[in-house]
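Read the structure below first, then the notes.
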Amino acid sequence: MTKLECSVKTCVHNADNCCCKAAIAVDGAKAKNVDDTCCASFDENRGGVFTNLFKTPETRLEVACDAVKCVYNEDQRCAAEHISISGNGACDCTETKCSTFKAQ
Ligand code: SF4
Ligand code: SF4
């Protein structure tokens with residue numbers, strides 16, 4: 001399981017710089033750099049409608065990842081100890097990225 005930090009506060013799943021999902025998917029099948037990746041599990045928090053007080057930040061989670069050109073990708077799963085998802089202010093998943101991506 002990967003330790004994940006996420007600075008995308010505009011995502012409904014974010015709490016305390018962590019993700020509240022048990023698993024996420026990162027896109028970027030053709031990614032050659034950080035900017036070509038994105039968190040496909042991003043959902044915009046529109047006016048806090050879906051915010052609830054019972055969100056539990058998960059520090060470790062399963063990361064399915066399409067960015068096969070990343071050194072940490074093993075059979076479309078992330079094998080990194082620790083990753084950072086960034087893109088605060090994002091309104092769409094394409095504005096997020098996996099800052100830990102490292103080209104092979
Ligand atoms: S952008 Fe992705 S990693 Fe970050 S909180 Fe949302 S779903 Fe989780
Ligand atoms: S570090 Fe690499 S393998 Fe892990 S989620 Fe980011 S892009 Fe995918």
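Ordering of the structure tokens sets the chain letters (A, B, ...), residue numbers begin anew at 1 in every chain, and ligands are numbered from 1 in the order given.
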With a distance cut-off of 7 Å and only C-alpha atoms, select the neighbouring residues of A:His82, excluding the residue or stretch itself and same-chain residues fewer than 4 positions from it, and output the selection as a PyMOL selection string.
chain A and resi 2-4
Compile a residue-level contact table for chain A against ligand 2 at a cut-off of 6 Å, reporting for every qualifying residue the shortest atom pair and its distance in Å to one decimal, with only C-alpha atoms and all ligand atoms counted, rows ordered by chain and ascending number, as a tab-separated table.
residue	atom	partner	partner_atom_place_in_ligand_line	distance
A:Val26	CA	ligand 2	5 (S)	5.7
A:Cys65	CA	ligand 2	8 (Fe)	4.7
A:Ala67	CA	ligand 2	7 (S)	5.2
A:Cys70	CA	ligand 2	2 (Fe)	4.7
A:Tyr72	CA	ligand 2	3 (S)	4.4
A:Asn73	CA	ligand 2	3 (S)	3.8
A:Cys78	CA	ligand 2	4 (Fe)	4.0
A:Ala80	CA	ligand 2	4 (Fe)	5.7
A:Ile83	CA	ligand 2	1 (S)	5.8
A:Cys98	CA	ligand 2	6 (Fe)	4.7
A:Thr100	CA	ligand 2	1 (S)	4.6
A:Phe101	CA	ligand 2	7 (S)	4.1
If you run DSSP over the backbone, which residues in stretch 2-103 of chain A end up strand (DSSP E or B)? Put them as a ChimeraX atom specification.
/A:2-6,11,14-15,18-19,23-27,38-39,44,58,60-65,70,73-74,77-78,82-86,97-98,103
List all protein, DNA and RNA residues that have any atom at most 10 Å from ligand 1, counting only C-alpha atoms and all ligand atoms, and write the list as a PyMOL selection string.
chain A and resi 4-26+38-45+57-58+61+63+83-88+90+92-93+95-98
Give the answer as one residue: which of A:Lys102, A:Gly28, A:Thr59, A:Asn33 has the shortest atom-to-atom distance to A:Val71, using only C-alpha atoms?
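Nearest candidate to A:Val71 out of A:Lys102, A:Gly28, A:Thr59, A:Asn33: A:Lys102.
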What parts of chain A does DSSP call helix (DSSP H, G or I)? I'd like the answer as a PyMOL selection string.
chain A and resi 34-36+93-95
Work out how far apart atom CA of A:Lys30 and atom CA of A:Ala103 are and give it in Å to one decimal.
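For atom CA of A:Lys30 relative to atom CA of A:Ala103, the distance reads 11.0 Å.
We find atom CA of A:Ala79 and atom CA of A:Arg60 to be spaced 12.0 Å apart.
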Could you tell me how far atom CA of A:Met1 lies from atom CA of A:Cys91, in Å and to one decimal?
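Computing it gives 27.4 Å between the two atoms.
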So, counting only C-alpha atoms, which residue among A:Lys32, A:Glu74, A:Asp27, A:Gly89 is closest to A:Arg46?
A:Gly89
